[in-house]
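To start, the structure under review is shown below, and the notes come after it.
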Amino acid sequence: MRYGRGIAFAFCLIALGLGAGPVAHASRIDVDQIGHLPANLFDEGNGLPDPTVTTVAPAPDGHVWVGTMRGLARFNGVRMLPIAGPDGKLGGTVRDVVVTPDGRVWVSITGTGVFVLEGGVWREIGDGLGATHALRLRRFVDAGGYRLFATTVGGVHEWVEGRWVARPLPALLAGVEIFDVALEPGRNEALWVASFGQGLYRCPREGDCEPVVPDVDGPRFFEVSSVATWAEAEQGHSVWIGSYGGGVARLKDGRWQRFHQDNGALASNYVHALALQDIGQPQPQVWVGLREGAARLRGSRWESLEYLSRLAGTRTRALALGSDAQGRPQMWLGTDSGAARLRLEGNWRTVSQLGRRGNGVWATLFETGVDGSERLWLGSDGEGLARFDGDGWRYWTQADGLPSPTVRSLARVPDGSAEGQLWAGTWNGHIVRMVGERLQELPTPWRKFEREAVASLLPVGRNEVWVGLRQGGVAHYVDGRWRHFDPADPANPMRVVSLLQTGSGADTVLWASTIGRGLAALRDGRWHFYGREQGLPDDSFFDITPLVDAGGRQVLWLGSQSNGIVRVDITNPQRPRLVTEPVLPEPPHPYTYGIVRDGAGDLILCTDYGAARWRPLPDGRFDVLRFQRSDGLPHDECNAGALEVDAQGRVWAGTIGGAAVYLPRTPTRSPVPPPLQLERVTVDEQDWGEDFAGQPVVLPVGTRSLLVEFALLSGQREGLNRYRSWLEGLEPAPGEWNDTPMRQYTGLPPGDYRLTIEARDYSGTEAPPLVLAFRIPLPAWRSGPALAIYAVMLLLALWGLIRLRERHLHARETELVDLVRQRTDELESRGIELRRANEELTRLSYFDALTELANRRRLLERLQAEWTIGLARGTPVAFALFDLDEFKAYNDHKGHLAGDEALRVVARRVEAELRKPHDTAGRYGGEEFGMVLPGLDLADAMAVAERVRQAVLHTDLPHPGSRLGTVTVSIGVAAIVPRAGLSPDLLVAAADAALYRAKQSGKNRVEAAETLE
């Protein structure tokens, strides 16, 4: 609840991060239960061989192995690297992959066999399984390390001392697919066997296997896809089972519990995968992969992961629990749309997407009732008022008494009752009060109209409230009586955003942030205004937060329209003054709505493009960490008036995509340095990775190029990893930090070198550096003996020249001939230099420096050349023209430097989708690109264009000005078999017309040209 009259209470509450003390509570809000997990999706654009992911296996070294329908890949924190394996045998459908604690990687390929990677070498180990491949590979922790099992059609085998040993199974399971096994350890060790068609079996080490059938009602349960055991806190094990058609079941102490679509637990009864996560509670968090999406059980509540919009409705085939470099847990999902990584522990959690069709959430209020139960209130744009408590979500709309579906402000007003009364301010200028579970409108004196809104509600005492209005200024309510400071009087403020009262008695001051008139202060019955004319950097401010600085000064922290966070010292409220020291970091965007201090003492701010954490350092500087949607925010754009800190120090924020909560994470130990891995070393296009395991390395004489690729396995926010290097022997000092995980050197002279590579993750934690020492020997002709021979030969030559000159000293004719020869040599040398310069100019005239693609001249010349070939051979030629949608808006929002970077990213994505070396992509002009596609008819060219469109869409370049929120392209495609009398200009014109239709039809699409006659 938000109460408070005096400055002492307000400053102590915020500066110390304190509120009401802990109370025995009836129900607490589990943020991890209602919070949406931030996710990253990796698909073909990130290097996956196929978007359908069948299995995922995180490795102890930080890599993640991903199996797809068309091969195996390894994620190195930068991209997915396809792994061909011996003779390309790992390029088929990956049935399962497991990584054991000793670092070995076990892979089953459908119809090919089972393989293991050990010591950098793949070998086949399928002999003894009695099948071409394993359906499932399962690893279980054992006192001696681990135990590995493989299932097949009709069989279960264990890897024992380098070979597969069959486990006895009932005759009924012969010819039946065994989809999973789970080990129940202990003196009564047993193996649980999941079969497709014959249900679940328990096979003890001593004795026969017995079928285990649920004895409670529910859908069919004989097609068992997954099984896992859980060690109960008291004793024994419970068993969790996933069924294809029967949902999920739990067996504990002989009692069954079923979860399925019929009892509302799951959205689908078809379970593909099941995983148990230890969250420090008696019951695990249960994850299930479904035919349509995924879900998790936390406590007693099932939650669908349908909020992962890019995965909504898609099949989840695999689940795997991993962690980042700091040990924070992650869940990997293998889906038909790629591999998704969910961060299970992080700062931000989206708690609601209320209002996302409009401007999201305008107001948040987190409170603890007198009975200890917690409640979260949200005011939205267009979807009314919402409350979350122990009973879940409840919503109030116009049908429940709301005058408007848009709620702009919320406050709990003391009225003498135990909990006070909830007030809500709405669009059009109305105020409603909660009476029981109904809303009643409070009569107010100001005019109601479309652009009006109650922007701020500030309770300062019993039945006393200050009200800030979007257009109508300020009003004061005391025991049913109103006083309205009419903005028609220029002495009063007009467009008010936020209110704060400080002081008490005769020293009471009401502060109001306004749009256009700066910071307003009501003292002694008169308003005073502080803006640019009074020395502040802005005239428009948003949220007001009082904080006490290290010197004990009372400082207002204001969000501003164009200057980030502005600080005003109000120790003497008669003379507010601007605070400029210490210097604050740059916010994610200068249009900053507000800032608060969380329970860990960090400053959390929200802006028009992202949020940030500023952690004060002893030297007066700040450790800065920025957050975007990929970190758990529902949207990058926050809302004014929707940032508050609860009694637990958590920060609740409203954005135009919904509401989120920031969870302070106070480090309990020093960060663990993430591993920096050497991925590949290429010398003159030959792989030398293994050779660099030892030091130093002697490279071949005459080495022309050296390419070193590496990756920092931070496990999250890899796009913020930074690298720098120092090649001693060539460079005088380390280079600048950048985001490129590779270094390339060409033309290195002979000598001894030492390459040091450093890396740090998004938090600034540095990894142990990589050091590569190598030597490029001198060629034989530059050795010592050779140089001695050259010296002797030079002396002999000089002697011969002298003798020759003496012999012809008096021959004028010979001197003239020598002079002519000398001049001729000079002219030839200058001719060579001129020819080289002309060749370089020709090359530059074909090259676009920004995108590194062909320029327009080169593109059209290539089109003409392919036209000539098509005319001679009778083969088709296709041409595609496309540009970035709403690119001007992108530049307006993010600046031209960001626009240039977007063009480069799009160019790389386009280049990756073309057939090399047949196709040519080039920059046609501005944000417009062209593609020459020889040999393709219209249908094939349309397919290439669609791949390009999808690749750009999945690049995830945020685009605040686009309705999709990301950069997209529209493409026009034309194709024809060249004929005499026609010109390639016909193709360009047709593609341009098709591009125009794509733009007119809604953008982000591919449009074919009309038939070319």
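We label chains A, B, ... in the order they appear in the structure tokens, count residues from 1 in each chain, and number ligands from 1 in the order shown.
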
(message) Show me, as a PyMOL selection string, the residues that have an atom within 9 Å of A:Leu643 when counting only C-alpha atoms, minus same-chain residues fewer than 4 positions from it.
(response) chain A and resi 363-364+543+593-596+605-606+638-639+651-654

Residues as selected, all heavy atoms, written as a short mmCIF file (atom, residue, chain, number, x, y, z; two decimals), in the first residue's frame, can you do that?
data_model
loop_
_atom_site.label_atom_id
_atom_site.label_comp_id
_atom_site.auth_asym_id
_atom_site.auth_seq_id
_atom_site.Cartn_x
_atom_site.Cartn_y
_atom_site.Cartn_z
N ALA A 363 -0.49 1.67 -15.18
CA ALA A 363 -0.37 1.79 -13.73
C ALA A 363 -0.15 0.43 -13.10
O ALA A 363 -0.72 -0.57 -13.53
CB ALA A 363 -1.64 2.44 -13.16
N THR A 364 0.70 0.40 -12.06
CA THR A 364 0.93 -0.82 -11.28
C THR A 364 0.78 -0.48 -9.80
O THR A 364 1.13 0.62 -9.36
CB THR A 364 2.33 -1.40 -11.53
OG1 THR A 364 3.31 -0.49 -11.06
CG2 THR A 364 2.55 -1.67 -13.02
N ASP A 543 8.10 10.85 -14.19
CA ASP A 543 8.01 10.37 -12.81
C ASP A 543 8.97 11.12 -11.90
O ASP A 543 10.06 11.53 -12.30
CB ASP A 543 8.34 8.88 -12.75
CG ASP A 543 7.29 8.03 -13.46
OD1 ASP A 543 6.34 8.61 -14.00
OD2 ASP A 543 7.44 6.80 -13.47
N TYR A 593 11.41 7.75 -18.63
CA TYR A 593 10.18 7.96 -17.87
C TYR A 593 10.41 8.06 -16.37
O TYR A 593 9.72 8.81 -15.68
CB TYR A 593 9.20 6.82 -18.16
CG TYR A 593 8.70 6.85 -19.59
CD1 TYR A 593 9.12 5.89 -20.51
CD2 TYR A 593 7.85 7.84 -20.02
CE1 TYR A 593 8.68 5.92 -21.81
CE2 TYR A 593 7.40 7.88 -21.33
CZ TYR A 593 7.82 6.92 -22.23
OH TYR A 593 7.39 6.96 -23.53
N GLY A 594 11.33 7.30 -15.82
CA GLY A 594 11.52 7.37 -14.39
C GLY A 594 12.61 6.45 -13.90
O GLY A 594 13.17 5.65 -14.66
N ILE A 595 12.92 6.58 -12.59
CA ILE A 595 13.98 5.79 -11.98
C ILE A 595 13.60 5.52 -10.54
O ILE A 595 12.97 6.36 -9.87
CB ILE A 595 15.34 6.53 -12.07
CG1 ILE A 595 16.50 5.62 -11.64
CG2 ILE A 595 15.32 7.82 -11.25
CD1 ILE A 595 17.87 6.21 -11.98
N VAL A 596 13.94 4.33 -10.03
CA VAL A 596 13.70 3.96 -8.63
C VAL A 596 14.90 3.19 -8.12
O VAL A 596 15.75 2.75 -8.90
CB VAL A 596 12.42 3.11 -8.48
CG1 VAL A 596 11.17 3.91 -8.84
CG2 VAL A 596 12.51 1.83 -9.31
N LEU A 605 15.96 2.17 -14.14
CA LEU A 605 15.26 3.18 -14.91
C LEU A 605 14.61 2.57 -16.13
O LEU A 605 15.05 1.53 -16.65
CB LEU A 605 16.21 4.31 -15.33
CG LEU A 605 17.37 4.00 -16.26
CD1 LEU A 605 17.75 5.25 -17.04
CD2 LEU A 605 18.58 3.54 -15.46
N CYS A 606 13.54 3.21 -16.58
CA CYS A 606 12.77 2.74 -17.72
C CYS A 606 12.68 3.88 -18.72
O CYS A 606 12.41 5.03 -18.35
CB CYS A 606 11.37 2.31 -17.27
SG CYS A 606 10.94 0.63 -17.76
N CYS A 638 8.68 1.73 -22.23
CA CYS A 638 7.98 1.79 -20.96
C CYS A 638 6.88 2.85 -20.99
O CYS A 638 6.74 3.59 -21.96
CB CYS A 638 8.97 2.10 -19.84
SG CYS A 638 10.25 0.83 -19.63
N ASN A 639 6.12 2.95 -19.91
CA ASN A 639 5.08 3.96 -19.75
C ASN A 639 5.37 4.82 -18.54
O ASN A 639 5.91 4.34 -17.53
CB ASN A 639 3.70 3.31 -19.59
CG ASN A 639 3.09 2.93 -20.93
OD1 ASN A 639 3.30 3.60 -21.93
ND2 ASN A 639 2.34 1.85 -20.95
N VAL A 651 10.94 -4.28 -8.39
CA VAL A 651 10.48 -3.15 -9.18
C VAL A 651 9.44 -3.63 -10.17
O VAL A 651 9.70 -4.55 -10.97
CB VAL A 651 11.65 -2.49 -9.93
CG1 VAL A 651 11.15 -1.31 -10.78
CG2 VAL A 651 12.72 -2.02 -8.95
N TRP A 652 8.26 -3.00 -10.13
CA TRP A 652 7.18 -3.32 -11.06
C TRP A 652 7.10 -2.22 -12.10
O TRP A 652 7.14 -1.03 -11.77
CB TRP A 652 5.86 -3.44 -10.29
CG TRP A 652 5.89 -4.52 -9.25
CD1 TRP A 652 6.36 -4.41 -7.98
CD2 TRP A 652 5.50 -5.88 -9.41
NE1 TRP A 652 6.28 -5.62 -7.32
CE2 TRP A 652 5.73 -6.55 -8.17
CE3 TRP A 652 4.94 -6.61 -10.46
CZ2 TRP A 652 5.46 -7.89 -7.98
CZ3 TRP A 652 4.66 -7.96 -10.25
CH2 TRP A 652 4.92 -8.58 -9.04
N ALA A 653 7.01 -2.63 -13.37
CA ALA A 653 7.06 -1.66 -14.46
C ALA A 653 5.97 -1.96 -15.48
O ALA A 653 5.72 -3.13 -15.81
CB ALA A 653 8.43 -1.69 -15.14
N GLY A 654 5.35 -0.90 -15.98
CA GLY A 654 4.38 -1.02 -17.07
C GLY A 654 5.01 -0.60 -18.37
O GLY A 654 5.72 0.42 -18.44
#

Hey, what's within 12 Å of A:Asp636 if we count only C-alpha atoms and toss same-chain stuff fewer than 4 positions away? As a tab-separated table (two decimals) with all heavy atoms, in the first residue's frame, please?
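This is the output file part29.tsv:
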chain	number	residue	atom	x	y	z
A	350	THR	N	8.20	-10.91	-17.42
A	350	THR	CA	6.90	-10.39	-17.84
A	350	THR	C	5.83	-11.10	-17.02
A	350	THR	O	5.81	-12.33	-16.96
A	350	THR	CB	6.67	-10.64	-19.34
A	350	THR	OG1	7.61	-9.87	-20.09
A	350	THR	CG2	5.26	-10.25	-19.75
A	360	GLY	N	-0.55	-0.84	-23.62
A	360	GLY	CA	-0.07	-1.68	-22.54
A	360	GLY	C	-0.60	-1.31	-21.17
A	360	GLY	O	-1.78	-1.01	-20.98
A	588	PRO	N	19.42	4.15	-21.84
A	588	PRO	CA	19.20	3.50	-23.14
A	588	PRO	C	18.56	4.43	-24.17
A	588	PRO	O	18.76	4.26	-25.36
A	588	PRO	CB	18.25	2.34	-22.80
A	588	PRO	CG	18.50	2.07	-21.35
A	588	PRO	CD	18.81	3.39	-20.74
A	589	HIS	N	17.80	5.41	-23.70
A	589	HIS	CA	17.17	6.40	-24.59
A	589	HIS	C	17.00	7.69	-23.80
A	589	HIS	O	16.65	7.65	-22.62
A	589	HIS	CB	15.81	5.88	-25.09
A	589	HIS	CG	15.26	6.64	-26.26
A	589	HIS	ND1	14.65	7.87	-26.12
A	589	HIS	CD2	15.24	6.36	-27.59
A	589	HIS	CE1	14.26	8.31	-27.31
A	589	HIS	NE2	14.62	7.41	-28.21
A	592	THR	N	13.30	9.37	-21.09
A	592	THR	CA	13.33	8.48	-19.92
A	592	THR	C	12.15	8.79	-19.01
A	592	THR	O	11.92	9.94	-18.63
A	592	THR	CB	14.65	8.67	-19.16
A	592	THR	OG1	15.74	8.37	-20.05
A	592	THR	CG2	14.73	7.74	-17.97
A	606	CYS	N	13.54	3.21	-16.58
A	606	CYS	CA	12.77	2.74	-17.72
A	606	CYS	C	12.68	3.88	-18.72
A	606	CYS	O	12.41	5.03	-18.35
A	606	CYS	CB	11.37	2.31	-17.27
A	606	CYS	SG	10.94	0.63	-17.76
A	607	THR	N	12.87	3.57	-20.01
A	607	THR	CA	12.93	4.61	-21.03
A	607	THR	C	12.02	4.25	-22.20
A	607	THR	O	11.29	3.26	-22.16
A	607	THR	CB	14.36	4.78	-21.56
A	607	THR	OG1	14.69	3.69	-22.45
A	607	THR	CG2	15.37	4.80	-20.42
A	608	ASP	N	12.13	5.06	-23.25
A	608	ASP	CA	11.34	4.83	-24.44
A	608	ASP	C	11.89	3.69	-25.29
A	608	ASP	O	11.24	3.25	-26.24
A	608	ASP	CB	11.31	6.12	-25.29
A	608	ASP	CG	10.09	6.20	-26.18
A	608	ASP	OD1	8.98	5.92	-25.70
A	608	ASP	OD2	10.24	6.56	-27.37
A	609	TYR	N	13.09	3.22	-24.94
A	609	TYR	CA	13.66	2.07	-25.66
A	609	TYR	C	14.55	1.27	-24.72
A	609	TYR	O	15.77	1.34	-24.76
A	609	TYR	CB	14.45	2.52	-26.88
A	609	TYR	CG	14.90	1.36	-27.75
A	609	TYR	CD1	13.97	0.56	-28.39
A	609	TYR	CD2	16.25	1.06	-27.88
A	609	TYR	CE1	14.37	-0.52	-29.16
A	609	TYR	CE2	16.66	-0.02	-28.67
A	609	TYR	CZ	15.71	-0.79	-29.29
A	609	TYR	OH	16.11	-1.86	-30.06
A	610	GLY	N	13.91	0.53	-23.82
A	610	GLY	CA	14.64	-0.35	-22.94
A	610	GLY	C	14.77	0.19	-21.53
A	610	GLY	O	14.45	1.34	-21.23
A	611	ALA	N	15.25	-0.69	-20.64
A	611	ALA	CA	15.48	-0.35	-19.24
A	611	ALA	C	16.96	-0.53	-18.94
A	611	ALA	O	17.74	-1.03	-19.76
A	611	ALA	CB	14.63	-1.24	-18.33
A	612	ALA	N	17.36	-0.10	-17.74
A	612	ALA	CA	18.77	-0.22	-17.36
A	612	ALA	C	18.87	-0.35	-15.86
A	612	ALA	O	17.99	0.07	-15.10
A	612	ALA	CB	19.58	0.98	-17.85
A	626	ARG	N	22.09	-2.93	-19.43
A	626	ARG	CA	20.86	-2.56	-20.14
A	626	ARG	C	20.01	-3.79	-20.42
A	626	ARG	O	20.53	-4.90	-20.54
A	626	ARG	CB	21.21	-1.84	-21.45
A	626	ARG	CG	21.93	-0.51	-21.23
A	626	ARG	CD	22.11	0.25	-22.53
A	626	ARG	NE	22.73	1.55	-22.30
A	626	ARG	CZ	22.89	2.47	-23.23
A	626	ARG	NH1	22.48	2.23	-24.47
A	626	ARG	NH2	23.45	3.63	-22.93
A	627	PHE	N	18.70	-3.56	-20.54
A	627	PHE	CA	17.76	-4.65	-20.75
A	627	PHE	C	16.83	-4.31	-21.91
A	627	PHE	O	16.39	-3.16	-22.05
A	627	PHE	CB	16.93	-4.91	-19.50
A	627	PHE	CG	17.74	-5.17	-18.27
A	627	PHE	CD1	17.95	-4.17	-17.34
A	627	PHE	CD2	18.30	-6.42	-18.05
A	627	PHE	CE1	18.69	-4.41	-16.20
A	627	PHE	CE2	19.05	-6.67	-16.91
A	627	PHE	CZ	19.25	-5.66	-15.98
A	628	GLN	N	16.50	-5.34	-22.70
A	628	GLN	CA	15.53	-5.22	-23.79
A	628	GLN	C	14.52	-6.35	-23.66
A	628	GLN	O	14.48	-7.06	-22.67
A	628	GLN	CB	16.24	-5.29	-25.15
A	628	GLN	CG	17.38	-4.31	-25.34
A	628	GLN	CD	16.95	-2.86	-25.42
A	628	GLN	OE1	17.69	-1.96	-25.06
A	628	GLN	NE2	15.75	-2.61	-25.87
A	629	ARG	N	13.70	-6.51	-24.70
A	629	ARG	CA	12.69	-7.56	-24.68
A	629	ARG	C	13.30	-8.95	-24.50
A	629	ARG	O	12.74	-9.82	-23.84
A	629	ARG	CB	11.86	-7.51	-25.96
A	629	ARG	CG	10.60	-6.69	-25.83
A	629	ARG	CD	9.81	-6.67	-27.10
A	629	ARG	NE	10.42	-5.83	-28.10
A	629	ARG	CZ	9.80	-5.45	-29.22
A	629	ARG	NH1	8.57	-5.85	-29.47
A	629	ARG	NH2	10.38	-4.67	-30.10
A	630	SER	N	14.47	-9.16	-25.10
A	630	SER	CA	15.10	-10.48	-25.00
A	630	SER	C	15.51	-10.82	-23.58
A	630	SER	O	15.83	-11.98	-23.28
A	630	SER	CB	16.33	-10.54	-25.91
A	630	SER	OG	17.27	-9.55	-25.55
A	631	ASP	N	15.50	-9.84	-22.66
A	631	ASP	CA	15.87	-10.08	-21.27
A	631	ASP	C	14.66	-10.28	-20.38
A	631	ASP	O	14.81	-10.37	-19.15
A	631	ASP	CB	16.70	-8.91	-20.75
A	631	ASP	CG	17.96	-8.71	-21.56
A	631	ASP	OD1	18.74	-9.66	-21.66
A	631	ASP	OD2	18.15	-7.61	-22.11
A	632	GLY	N	13.45	-10.34	-20.95
A	632	GLY	CA	12.26	-10.61	-20.16
A	632	GLY	C	11.24	-9.49	-20.12
A	632	GLY	O	10.17	-9.65	-19.55
A	653	ALA	N	7.01	-2.63	-13.37
A	653	ALA	CA	7.06	-1.66	-14.46
A	653	ALA	C	5.97	-1.96	-15.48
A	653	ALA	O	5.72	-3.13	-15.81
A	653	ALA	CB	8.43	-1.69	-15.14
A	654	GLY	N	5.35	-0.90	-15.98
A	654	GLY	CA	4.38	-1.02	-17.07
A	654	GLY	C	5.01	-0.60	-18.37
A	654	GLY	O	5.72	0.42	-18.44
A	655	THR	N	4.78	-1.38	-19.41
A	655	THR	CA	5.28	-1.05	-20.75
A	655	THR	C	4.12	-1.11	-21.73
A	655	THR	O	3.01	-1.52	-21.37
A	655	THR	CB	6.36	-2.04	-21.20
A	655	THR	OG1	5.73	-3.28	-21.61
A	655	THR	CG2	7.36	-2.33	-20.09
A	656	ILE	N	4.37	-0.75	-22.98
A	656	ILE	CA	3.28	-0.78	-23.95
A	656	ILE	C	2.96	-2.20	-24.39
A	656	ILE	O	2.00	-2.42	-25.12
A	656	ILE	CB	3.58	0.11	-25.18
A	656	ILE	CG1	4.69	-0.48	-26.04
A	656	ILE	CG2	3.90	1.53	-24.78
A	656	ILE	CD1	4.84	0.24	-27.36
A	657	GLY	N	3.75	-3.18	-23.90
A	657	GLY	CA	3.44	-4.58	-24.18
A	657	GLY	C	2.93	-5.35	-22.99
A	657	GLY	O	2.70	-6.55	-23.07
A	658	GLY	N	2.74	-4.68	-21.84
A	658	GLY	CA	2.28	-5.35	-20.64
A	658	GLY	C	3.09	-4.93	-19.44
A	658	GLY	O	3.77	-3.89	-19.44
A	659	ALA	N	3.03	-5.74	-18.37
A	659	ALA	CA	3.71	-5.42	-17.12
A	659	ALA	C	4.82	-6.42	-16.85
A	659	ALA	O	4.75	-7.58	-17.24
A	659	ALA	CB	2.72	-5.42	-15.96
A	660	ALA	N	5.86	-5.94	-16.14
A	660	ALA	CA	7.00	-6.79	-15.81
A	660	ALA	C	7.46	-6.49	-14.39
A	660	ALA	O	7.13	-5.43	-13.83
A	660	ALA	CB	8.15	-6.57	-16.80
A	958	PRO	N	15.27	-5.29	-33.75
A	958	PRO	CA	14.10	-4.57	-33.24
A	958	PRO	C	13.81	-3.34	-34.08
A	958	PRO	O	14.72	-2.59	-34.46
A	958	PRO	CB	14.52	-4.19	-31.82
A	958	PRO	CG	15.60	-5.15	-31.48
A	958	PRO	CD	16.30	-5.43	-32.76
A	959	HIS	N	12.53	-3.11	-34.40
A	959	HIS	CA	12.10	-1.98	-35.22
A	959	HIS	C	10.91	-1.32	-34.54
A	959	HIS	O	9.77	-1.75	-34.71
A	959	HIS	CB	11.71	-2.51	-36.61
A	959	HIS	CG	11.48	-1.40	-37.63
A	959	HIS	ND1	11.21	-0.10	-37.25
A	959	HIS	CD2	11.50	-1.42	-38.99
A	959	HIS	CE1	11.07	0.64	-38.35
A	959	HIS	NE2	11.23	-0.14	-39.40
A	960	PRO	N	11.16	-0.30	-33.71
A	960	PRO	CA	10.05	0.31	-32.97
A	960	PRO	C	8.99	0.90	-33.89
A	960	PRO	O	7.84	1.01	-33.50
A	960	PRO	CB	10.76	1.40	-32.16
A	960	PRO	CG	12.18	1.00	-32.12
A	960	PRO	CD	12.45	0.27	-33.40
A	961	GLY	N	9.35	1.26	-35.12
A	961	GLY	CA	8.38	1.87	-36.02
A	961	GLY	C	7.58	0.89	-36.84
A	961	GLY	O	6.75	1.29	-37.65
A	965	GLY	N	7.39	-5.03	-35.00
A	965	GLY	CA	8.41	-4.82	-34.00
A	965	GLY	C	9.79	-5.25	-34.41
A	965	GLY	O	10.72	-5.21	-33.62
A	966	THR	N	9.95	-5.66	-35.68
A	966	THR	CA	11.25	-6.12	-36.15
A	966	THR	C	11.41	-5.72	-37.60
A	966	THR	O	10.44	-5.42	-38.30
A	966	THR	CB	11.38	-7.64	-35.99
A	966	THR	OG1	12.72	-8.03	-36.29
A	966	THR	CG2	10.43	-8.38	-36.87

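Between A:Thr920 and the residues A:Leu860, A:Leu458, A:Val952, A:Leu727, the shortest atom-to-atom distance, using only C-alpha atoms, involves A:Leu860.
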
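We find atom CA of A:Gly416 and atom CA of A:Glu644 to be spaced 24.4 Å apart.
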
(message) Residues near A:Gly874, anyone? I mean within 12 Å using only C-alpha atoms, not counting same-chain ones fewer than 3 positions away, as a ChimeraX atom specification.
(response) /A:866-871,877,934-937,976-980

Written file, previous selection with N, CA and C atoms, as a CSV table (one decimal), in the first residue's frame:
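Result saved to again26.csv:
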chain,number,residue,atom,x,y,z
A,866,GLU,N,24.2,-12.5,-67.6
A,866,GLU,CA,23.3,-13.7,-67.5
A,866,GLU,C,22.2,-13.7,-68.6
A,867,TRP,N,21.8,-12.5,-69.0
A,867,TRP,CA,20.8,-12.4,-70.0
A,867,TRP,C,21.3,-12.9,-71.3
A,868,THR,N,22.6,-12.6,-71.6
A,868,THR,CA,23.2,-13.0,-72.9
A,868,THR,C,23.4,-14.5,-72.8
A,869,ILE,N,23.8,-15.1,-71.7
A,869,ILE,CA,23.9,-16.5,-71.6
A,869,ILE,C,22.6,-17.2,-71.7
A,870,GLY,N,21.6,-16.7,-71.1
A,870,GLY,CA,20.2,-17.3,-71.2
A,870,GLY,C,19.7,-17.2,-72.6
A,871,LEU,N,20.0,-16.1,-73.3
A,871,LEU,CA,19.6,-16.0,-74.7
A,871,LEU,C,20.3,-17.0,-75.6
A,877,VAL,N,16.2,-16.5,-66.7
A,877,VAL,CA,16.9,-15.6,-65.8
A,877,VAL,C,15.8,-14.9,-64.9
A,934,PRO,N,20.3,-16.6,-62.0
A,934,PRO,CA,20.3,-17.2,-63.3
A,934,PRO,C,19.8,-18.7,-63.2
A,935,GLY,N,19.2,-19.1,-64.2
A,935,GLY,CA,18.7,-20.5,-64.3
A,935,GLY,C,17.5,-20.8,-63.5
A,936,LEU,N,16.8,-19.9,-62.9
A,936,LEU,CA,15.6,-20.1,-62.1
A,936,LEU,C,14.4,-19.6,-62.8
A,937,ASP,N,13.4,-20.4,-62.8
A,937,ASP,CA,12.1,-19.9,-63.3
A,937,ASP,C,11.4,-19.1,-62.2
A,976,ILE,N,12.1,-14.7,-66.8
A,976,ILE,CA,11.8,-14.9,-68.2
A,976,ILE,C,12.9,-15.6,-68.9
A,977,VAL,N,12.6,-16.3,-69.9
A,977,VAL,CA,13.6,-16.9,-70.8
A,977,VAL,C,13.9,-15.8,-71.9
A,978,PRO,N,15.1,-15.3,-71.9
A,978,PRO,CA,15.5,-14.2,-72.8
A,978,PRO,C,15.2,-14.6,-74.3
A,979,ARG,N,14.7,-13.6,-75.0
A,979,ARG,CA,14.4,-13.7,-76.4
A,979,ARG,C,15.0,-12.5,-77.2
A,980,ALA,N,15.3,-12.7,-78.4
A,980,ALA,CA,15.8,-11.7,-79.3
A,980,ALA,C,14.8,-10.5,-79.3

(request) Give me, please, the distance in Å between atom CA of A:Glu679 and atom CA of A:Pro917, quoted to one decimal. (result) 26.5 Å

(message) Give me the residues near stretch 110-123 of chain A as a list in words, where near means some atom within 9 Å (using only C-alpha atoms) and where sequence neighbours in that chain fewer than 4 positions away do not count.
(response) Gly85, Pro86, Lys89, Leu90, Gly92, Thr93, Val94, Arg95, Gly103, Arg104, Val105, Trp106, Asp127, Ala131, Thr132, His133, Ala134, Leu135 and Glu690 of chain A

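The nearest approach to A:Tyr477 among the residues A:Glu450, A:Pro876, A:Leu713, A:Pro443, with only C-alpha atoms taken into account, belongs to A:Pro443.
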
(message) List the spatial neighbours of stretch 487-493 of chain A as JSON, numbers by chain - criterion: any atom at most 9 Å away, only C-alpha atoms, same-chain residues fewer than 4 positions off excluded.
(response) {"A": [471, 472, 473, 474, 512, 514, 517, 520, 526, 527, 528, 529]}

(request) Just the residues within 12 Å of A:Gly242, please, counting only C-alpha atoms, with nothing from its chain fewer than 4 positions along; format it as a ChimeraX atom specification. (result) /A:179-181,193-196,199-200,220-229,246-251,258-260,266,268-276,286-290

(request) Extract the full set of strand (DSSP E or B) residues from stretch 1-155 of chain A according to DSSP on the backbone, and format it as a PyMOL selection string. (result) chain A and resi 36+39-42+53-58+64-68+71-75+80-83+94-99+105-109+113-118+121-124+136-142+145-153+155

(message) Measuring between only C-alpha atoms, which one of A:Arg470, A:Arg615, A:Arg665, A:Arg523 shows the shortest distance to A:Trp446?
(response) A:Arg470

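Once A:Leu469 and its same-chain neighbours fewer than 6 positions away are set aside, Ala453, Val454, Ala455 and Val496 of chain A remain within 6 Å of it when counting only C-alpha atoms.
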
Could I get the residues of stretch 672-704 of chain A with an atom no further than 9 Å from an atom of stretch 312-333 of chain A, each paired with its nearest atom pair and that distance in Å to one decimal, using only C-alpha atoms, sorted by chain and residue number, as JSON lines?
{"residue": "A:Val672", "atom": "CA", "partner": "A:Gln326", "partner_atom": "CA", "distance": 5.6}
{"residue": "A:Pro673", "atom": "CA", "partner": "A:Ala325", "partner_atom": "CA", "distance": 7.3}
{"residue": "A:Pro674", "atom": "CA", "partner": "A:Ala325", "partner_atom": "CA", "distance": 5.1}
{"residue": "A:Pro675", "atom": "CA", "partner": "A:Ala325", "partner_atom": "CA", "distance": 7.5}
